[in-house]
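> Right, I'll just put the structure down here and ask away after.
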Amino acid sequence: MSAQAGPNGPNDPNGPVGPVGIDRLLERVRAGYTRVDAQEAYAASSAGALLVDIRYQALRERDGLIPGALVVERNELEWRLDPTGSHRASQATGHDLQVVVICNEGYASSLAAASLHALGLHRATDLTGGFQAWKAAGLPVVPGPEPLH
């Protein structure tokens with residue numbers, strides 16, 4: 001098989017084999033869907049989209065929570081949102097579900113949204129700027145849980 005025709009060759013939509021760097025990877029995965037800003041995420045949530053907060057606990061404690069968002073640790077995301085999985089959250093109702101993934105600043109959420117696309121959640125996206133953009137836009141935030149001691 002030639003380099004041109006093989007998996008991960010120059011003509012492969014996933015790109016060539018070898019190091020790409022995180023900036024290039026983010027460009028590549030973000031090209032596969034349309035990201036949303038804070039106001040669009042808020043409107044989508046009001047229309048039934050599922051907001052999924054993947055920030056780690058210390059950030060939720062420090063900065064607060066988005067009311068109604070499903071909190072799922074990043075390392076559990078695929079298991080909790082796979083509508084056919086045995087560990088799915090009750091909100092993971094089908095592959096047509098619109099999901100907006102939210103991390104702290106909009107980087108990890110891009111990779112998470114791409115992973116959800118790979119599971120067949122074709123309407124998954126992420127929030128540009130993450131939770132910090134949501135908060136800066138003056139959208140609803142409630143205090144986070146008390147830190148565990």
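Chain labels run A, B, ... following the order of the structure tokens; each chain numbers its residues from 1, and ligands are numbered from 1 in the order shown.
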When you look at Leu65 of chain A with a cut-off of 9 Å (counting only C-alpha atoms), what residues show up, excluding the ones that are within fewer than 3 positions of it in the same chain? I need them as a list in words.

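Close residues of Leu65 of chain A: Asp53, Arg60, Glu61, Gly68, Ala69, Val71, Phe131, Pro140, Val141, Val142, Pro143, Gly144 and Pro145 of chain A.
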
> May I have the residues from that selection written out with N, CA and C atoms, as an mmCIF file, in the first residue's frame?


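File written: selection_39.cif
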data_model
loop_
_atom_site.group_PDB
_atom_site.id
_atom_site.type_symbol
_atom_site.label_atom_id
_atom_site.label_comp_id
_atom_site.auth_asym_id
_atom_site.auth_seq_id
_atom_site.Cartn_x
_atom_site.Cartn_y
_atom_site.Cartn_z
ATOM 1 N N ASP A 53 -20.821 19.672 31.794
ATOM 2 C CA ASP A 53 -19.678 20.318 32.439
ATOM 3 C C ASP A 53 -18.641 19.253 32.766
ATOM 4 N N ARG A 60 -15.047 23.564 39.777
ATOM 5 C CA ARG A 60 -16.480 23.723 40.080
ATOM 6 C C ARG A 60 -16.660 24.334 41.458
ATOM 7 N N GLU A 61 -15.833 23.915 42.415
ATOM 8 C CA GLU A 61 -15.901 24.487 43.767
ATOM 9 C C GLU A 61 -15.518 25.962 43.743
ATOM 10 N N GLY A 68 -28.540 23.378 35.817
ATOM 11 C CA GLY A 68 -29.090 22.413 34.866
ATOM 12 C C GLY A 68 -28.056 21.636 34.076
ATOM 13 N N ALA A 69 -26.794 22.017 34.154
ATOM 14 C CA ALA A 69 -25.763 21.282 33.414
ATOM 15 C C ALA A 69 -25.495 19.940 34.090
ATOM 16 N N VAL A 71 -22.984 17.320 35.244
ATOM 17 C CA VAL A 71 -21.565 17.275 35.590
ATOM 18 C C VAL A 71 -21.076 15.851 35.363
ATOM 19 N N PHE A 131 -16.338 27.550 30.381
ATOM 20 C CA PHE A 131 -17.084 28.120 31.501
ATOM 21 C C PHE A 131 -16.721 29.583 31.722
ATOM 22 N N PRO A 140 -26.277 32.602 33.884
ATOM 23 C CA PRO A 140 -26.492 32.073 35.238
ATOM 24 C C PRO A 140 -25.394 31.123 35.725
ATOM 25 N N VAL A 141 -24.961 31.379 36.950
ATOM 26 C CA VAL A 141 -23.995 30.532 37.649
ATOM 27 C C VAL A 141 -24.446 30.447 39.100
ATOM 28 N N VAL A 142 -24.380 29.247 39.641
ATOM 29 C CA VAL A 142 -24.708 29.055 41.058
ATOM 30 C C VAL A 142 -23.446 28.599 41.779
ATOM 31 N N PRO A 143 -23.375 28.841 43.086
ATOM 32 C CA PRO A 143 -22.184 28.417 43.818
ATOM 33 C C PRO A 143 -21.947 26.919 43.650
ATOM 34 N N GLY A 144 -20.676 26.539 43.584
ATOM 35 C CA GLY A 144 -20.314 25.141 43.480
ATOM 36 C C GLY A 144 -20.423 24.446 44.821
ATOM 37 N N PRO A 145 -20.201 23.152 44.832
ATOM 38 C CA PRO A 145 -20.250 22.409 46.090
ATOM 39 C C PRO A 145 -19.113 22.828 47.007
#

> Please return, as JSON, numbers by chain, all residues of chain A that DSSP assigns to alpha helix (DSSP H) on the basis of the backbone.

{"A": [22, 23, 24, 25, 26, 27, 28, 29, 30, 38, 39, 40, 41, 42, 43, 44, 45, 46, 57, 58, 59, 60, 61, 62, 63, 77, 78, 79, 80, 81, 108, 109, 110, 111, 112, 113, 114, 115, 116, 117, 118, 130, 131, 132, 133, 134, 135, 136]}

> What would the file look like if the residues just selected were written as a PDB file, in the first residue's frame with C-alpha atoms?


ATOM      1  CA  ILE A  22      -1.992  20.034  20.148  1.00  0.00           C
ATOM      2  CA  ASP A  23      -2.718  23.239  18.223  1.00  0.00           C
ATOM      3  CA  ARG A  24      -2.941  21.338  14.944  1.00  0.00           C
ATOM      4  CA  LEU A  25      -5.014  18.604  16.560  1.00  0.00           C
ATOM      5  CA  LEU A  26      -7.458  21.194  17.905  1.00  0.00           C
ATOM      6  CA  GLU A  27      -7.734  22.773  14.440  1.00  0.00           C
ATOM      7  CA  ARG A  28      -8.391  19.378  12.922  1.00  0.00           C
ATOM      8  CA  VAL A  29     -11.107  18.282  15.353  1.00  0.00           C
ATOM      9  CA  ARG A  30     -12.802  21.688  15.428  1.00  0.00           C
ATOM     10  CA  ALA A  38     -21.961  31.420  25.418  1.00  0.00           C
ATOM     11  CA  GLN A  39     -25.212  32.999  24.206  1.00  0.00           C
ATOM     12  CA  GLU A  40     -25.714  30.209  21.651  1.00  0.00           C
ATOM     13  CA  ALA A  41     -25.079  27.575  24.322  1.00  0.00           C
ATOM     14  CA  TYR A  42     -27.609  29.250  26.607  1.00  0.00           C
ATOM     15  CA  ALA A  43     -30.194  29.366  23.814  1.00  0.00           C
ATOM     16  CA  ALA A  44     -29.487  25.738  22.901  1.00  0.00           C
ATOM     17  CA  SER A  45     -29.967  24.710  26.514  1.00  0.00           C
ATOM     18  CA  SER A  46     -33.280  26.562  26.631  1.00  0.00           C
ATOM     19  CA  GLN A  57     -14.101  19.368  40.999  1.00  0.00           C
ATOM     20  CA  ALA A  58     -11.709  22.068  42.237  1.00  0.00           C
ATOM     21  CA  LEU A  59     -12.811  24.390  39.406  1.00  0.00           C
ATOM     22  CA  ARG A  60     -16.480  23.723  40.080  1.00  0.00           C
ATOM     23  CA  GLU A  61     -15.901  24.487  43.767  1.00  0.00           C
ATOM     24  CA  ARG A  62     -13.970  27.660  42.959  1.00  0.00           C
ATOM     25  CA  ASP A  63     -16.081  29.115  40.133  1.00  0.00           C
ATOM     26  CA  LEU A  77     -17.702  11.237  29.467  1.00  0.00           C
ATOM     27  CA  GLU A  78     -17.933   8.606  26.741  1.00  0.00           C
ATOM     28  CA  TRP A  79     -19.354   5.979  29.104  1.00  0.00           C
ATOM     29  CA  ARG A  80     -21.965   8.377  30.507  1.00  0.00           C
ATOM     30  CA  LEU A  81     -23.104   9.830  27.163  1.00  0.00           C
ATOM     31  CA  ALA A 108     -10.408  20.017  26.517  1.00  0.00           C
ATOM     32  CA  SER A 109     -14.057  20.342  25.515  1.00  0.00           C
ATOM     33  CA  SER A 110     -13.078  20.403  21.834  1.00  0.00           C
ATOM     34  CA  LEU A 111     -11.334  17.057  22.138  1.00  0.00           C
ATOM     35  CA  ALA A 112     -14.276  15.724  24.151  1.00  0.00           C
ATOM     36  CA  ALA A 113     -16.794  16.843  21.508  1.00  0.00           C
ATOM     37  CA  ALA A 114     -14.750  15.093  18.814  1.00  0.00           C
ATOM     38  CA  SER A 115     -14.788  11.931  20.903  1.00  0.00           C
ATOM     39  CA  LEU A 116     -18.585  12.154  21.201  1.00  0.00           C
ATOM     40  CA  HIS A 117     -18.799  12.519  17.413  1.00  0.00           C
ATOM     41  CA  ALA A 118     -16.818   9.279  17.119  1.00  0.00           C
ATOM     42  CA  GLY A 130     -15.590  27.352  28.117  1.00  0.00           C
ATOM     43  CA  PHE A 131     -17.084  28.120  31.501  1.00  0.00           C
ATOM     44  CA  GLN A 132     -15.041  31.318  31.737  1.00  0.00           C
ATOM     45  CA  ALA A 133     -16.791  32.685  28.626  1.00  0.00           C
ATOM     46  CA  TRP A 134     -20.182  31.676  30.057  1.00  0.00           C
ATOM     47  CA  LYS A 135     -19.429  33.505  33.298  1.00  0.00           C
ATOM     48  CA  ALA A 136     -18.001  36.575  31.487  1.00  0.00           C
TER      49      ALA A 136
END

> Which residues in segment 56-145 of chain A does DSSP call strand (DSSP E)? List them as a PyMOL selection string.

chain A and resi 70-71+99-102+124-126

> Identify, on the basis of only C-alpha atoms, every residue whose closest approach to Val36 of chain A does not exceed 7 Å; exclude the query and any residue fewer than 6 positions from it along the same chain; express the result as a PyMOL selection string.

chain A and resi 126-128

> Include N, CA, C and O atoms and write out the residues we just selected as a PDB file, in the first residue's frame.


ATOM      1  N   ASP A 126     -18.930  22.137  21.404  1.00  0.00           N
ATOM      2  CA  ASP A 126     -18.394  22.640  22.655  1.00  0.00           C
ATOM      3  C   ASP A 126     -18.511  24.153  22.703  1.00  0.00           C
ATOM      4  O   ASP A 126     -18.768  24.803  21.691  1.00  0.00           O
ATOM      5  N   LEU A 127     -18.342  24.679  23.887  1.00  0.00           N
ATOM      6  CA  LEU A 127     -18.481  26.105  24.148  1.00  0.00           C
ATOM      7  C   LEU A 127     -17.143  26.799  23.961  1.00  0.00           C
ATOM      8  O   LEU A 127     -16.181  26.525  24.696  1.00  0.00           O
ATOM      9  N   THR A 128     -17.062  27.678  22.981  1.00  0.00           N
ATOM     10  CA  THR A 128     -15.860  28.473  22.756  1.00  0.00           C
ATOM     11  C   THR A 128     -15.584  29.310  24.008  1.00  0.00           C
ATOM     12  O   THR A 128     -16.453  30.035  24.478  1.00  0.00           O
TER      13      THR A 128
END

> Expressed in Å to a single decimal, how great is the separation between atom CA of Pro67 of chain A and atom CA of Leu51 of chain A?

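One can read the atom CA of Pro67 of chain A to atom CA of Leu51 of chain A distance as 9.4 Å.
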
> Excluding Glu73 of chain A and its own-chain neighbours fewer than 4 positions away, which residues fall within 7 Å of it when counting only C-alpha atoms? Please give them as an NGL selection string.

:A and (54-56 or 77)

> Can you work out the spacing between atom CA of Ala89 of chain A and atom CA of Gly138 of chain A in Å, to one decimal?

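So the answer is 28.5 Å.
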
> Gly48 of chain A: which residues within 10 Å, counting only C-alpha atoms, same-chain residues fewer than 5 positions away excluded, as a ChimeraX atom specification?

/A:43,97-99

> Could you turn the residues from that selection into a file that holds all heavy atoms, as a tab-separated table (two decimals), in the first residue's frame?


chain	number	residue	atom	x	y	z
A	43	ALA	N	-28.99	29.54	24.63
A	43	ALA	CA	-30.19	29.37	23.81
A	43	ALA	C	-30.42	27.89	23.50
A	43	ALA	O	-31.56	27.40	23.55
A	43	ALA	CB	-30.09	30.18	22.53
A	97	LEU	N	-29.21	13.55	20.20
A	97	LEU	CA	-29.20	14.54	21.29
A	97	LEU	C	-28.18	15.64	21.00
A	97	LEU	O	-27.04	15.36	20.63
A	97	LEU	CB	-28.82	13.84	22.60
A	97	LEU	CG	-28.71	14.70	23.85
A	97	LEU	CD1	-30.07	15.28	24.23
A	97	LEU	CD2	-28.15	13.86	24.99
A	98	GLN	N	-28.60	16.89	21.16
A	98	GLN	CA	-27.65	17.99	21.04
A	98	GLN	C	-26.93	18.13	22.38
A	98	GLN	O	-27.55	18.30	23.42
A	98	GLN	CB	-28.34	19.30	20.68
A	98	GLN	CG	-27.35	20.43	20.45
A	98	GLN	CD	-28.01	21.73	20.06
A	98	GLN	OE1	-29.22	21.88	20.15
A	98	GLN	NE2	-27.21	22.68	19.63
A	99	VAL	N	-25.60	18.06	22.32
A	99	VAL	CA	-24.77	18.13	23.52
A	99	VAL	C	-23.79	19.28	23.35
A	99	VAL	O	-23.16	19.42	22.31
A	99	VAL	CB	-23.97	16.82	23.73
A	99	VAL	CG1	-23.02	16.93	24.91
A	99	VAL	CG2	-24.91	15.63	23.89
